[in-house]
Amino acid sequence: MDRADIALLEAIQADSALSIAELSDKVALSPSACHRRIKALEQAGVIIGYGARLEPRKLGLTVQVFVEITLNSQSREAMDRFEEAVADFDDILECHLMSGGADYLLRVAARDLEQYDHIHRDCLARLPGVSAMRSSFSLRRIKRMQGYPVLC
């Protein structure tokens with residue numbers, strides 16, 4: 001990747017709704033060169049999709065929860081079963097395999113504590129192989145992710 005690719009990636013992360021013409025103006029490339037580079041970045045798997053960043057509170061999702069999960073076993077089979085089950089629940093927004101005390105860290109959003117209780121009972125408690133679960137509630141988001149730093 002060169003500086004033009006980095007500039008394109010930064011611009012797309014900031015606003016994926018920009019047209020090719022608008023992107024080409026921002027990064028000082030012709031529209032055809034801009035289009036070619038974007039297609040090459042997509043084919044290389046650097047760009048894996050496009051989407052809008054939504055404000056959870058505007059959707060009524062006022063409770064953000066980080067859930068630490070510890071499994072009974074760290075065998076390949078136990079981890080595979082857990083990860084496959086996580087993929088089946090839309091209420092689980094993110095799942096990360098962790099080092100340290102917990103095996104996994106999940107992120108969940110809910111309208112309120114009552115809805116989180118339902119998610120806890122109907123989703124999280126049904127995950128296979130869980131020996132311990134600890135929920136931490138976000139009091140306030142200080143910084144929102146705006147995209148990954150492009151360091152090449």
# chains A, B, ... in the order shown; residues from 1 in each chain; ligands from 1
>>> residues_around(residues="Glu10 in chain A", least_positions_apart="4", cutoff="8 Å", atoms="only C-alpha atoms", output="list in words")
Ile6, Ala14, Gly147, Pro149 and Val150 of chain A
>>> write_last_selection(atoms="C-alpha atoms", output="PDB file, in the first residue's frame")
ATOM      1  CA  ILE A   6      -3.827   4.947   2.911  1.00  0.00           C
ATOM      2  CA  ALA A  14     -14.595   8.380   7.821  1.00  0.00           C
ATOM      3  CA  GLY A 147     -11.931   3.321  12.202  1.00  0.00           C
ATOM      4  CA  PRO A 149      -5.366   3.453  12.051  1.00  0.00           C
ATOM      5  CA  VAL A 150      -3.857   2.835   8.631  1.00  0.00           C
TER       6      VAL A 150
END
>>> residues_around(residues="Gln146 in chain A", least_positions_apart="2", cutoff="9 Å", atoms="only C-alpha atoms", output="ChimeraX atom specification")
/A:13-14,53,143-144,148
>>> atom_distance(atom1="CA of Arg126 in chain A", atom2="CA of Leu61 in chain A")
22.3 Å
>>> closest_residue(among="A:Leu151, A:Ile12, A:Leu93, A:Leu29", to="Gln64 in chain A", atoms="only C-alpha atoms")
A:Leu93
>>> closest_residue(among="A:Ala85, A:Leu23, A:Val67, A:Leu106", to="Ala7 in chain A", atoms="only C-alpha atoms")
A:Leu23
>>> residues_around(residues="range 99-103 of chain A", least_positions_apart="6", cutoff="8 Å", atoms="only C-alpha atoms", output="list of chain:residue names")
A:Glu68, A:Ile69, A:Thr70, A:Leu71
>>> write_last_selection(atoms="N, CA and C atoms", output="PDB file, in the first residue's frame")
ATOM      1  N   GLU A  68     -17.638 -11.052  30.444  1.00  0.00           N
ATOM      2  CA  GLU A  68     -16.487 -11.948  30.471  1.00  0.00           C
ATOM      3  C   GLU A  68     -16.995 -13.368  30.654  1.00  0.00           C
ATOM      4  N   ILE A  69     -16.520 -14.268  29.811  1.00  0.00           N
ATOM      5  CA  ILE A  69     -16.940 -15.668  29.845  1.00  0.00           C
ATOM      6  C   ILE A  69     -15.723 -16.543  30.117  1.00  0.00           C
ATOM      7  N   THR A  70     -15.877 -17.450  31.069  1.00  0.00           N
ATOM      8  CA  THR A  70     -14.862 -18.470  31.329  1.00  0.00           C
ATOM      9  C   THR A  70     -15.501 -19.820  31.028  1.00  0.00           C
ATOM     10  N   LEU A  71     -14.798 -20.643  30.271  1.00  0.00           N
ATOM     11  CA  LEU A  71     -15.308 -21.963  29.907  1.00  0.00           C
ATOM     12  C   LEU A  71     -14.842 -23.024  30.893  1.00  0.00           C
TER      13      LEU A  71
END
>>> closest_residue(among="A:Met145, A:Glu77, A:Ala40, A:Phe66", to="Met133 in chain A", atoms="only C-alpha atoms")
A:Phe66
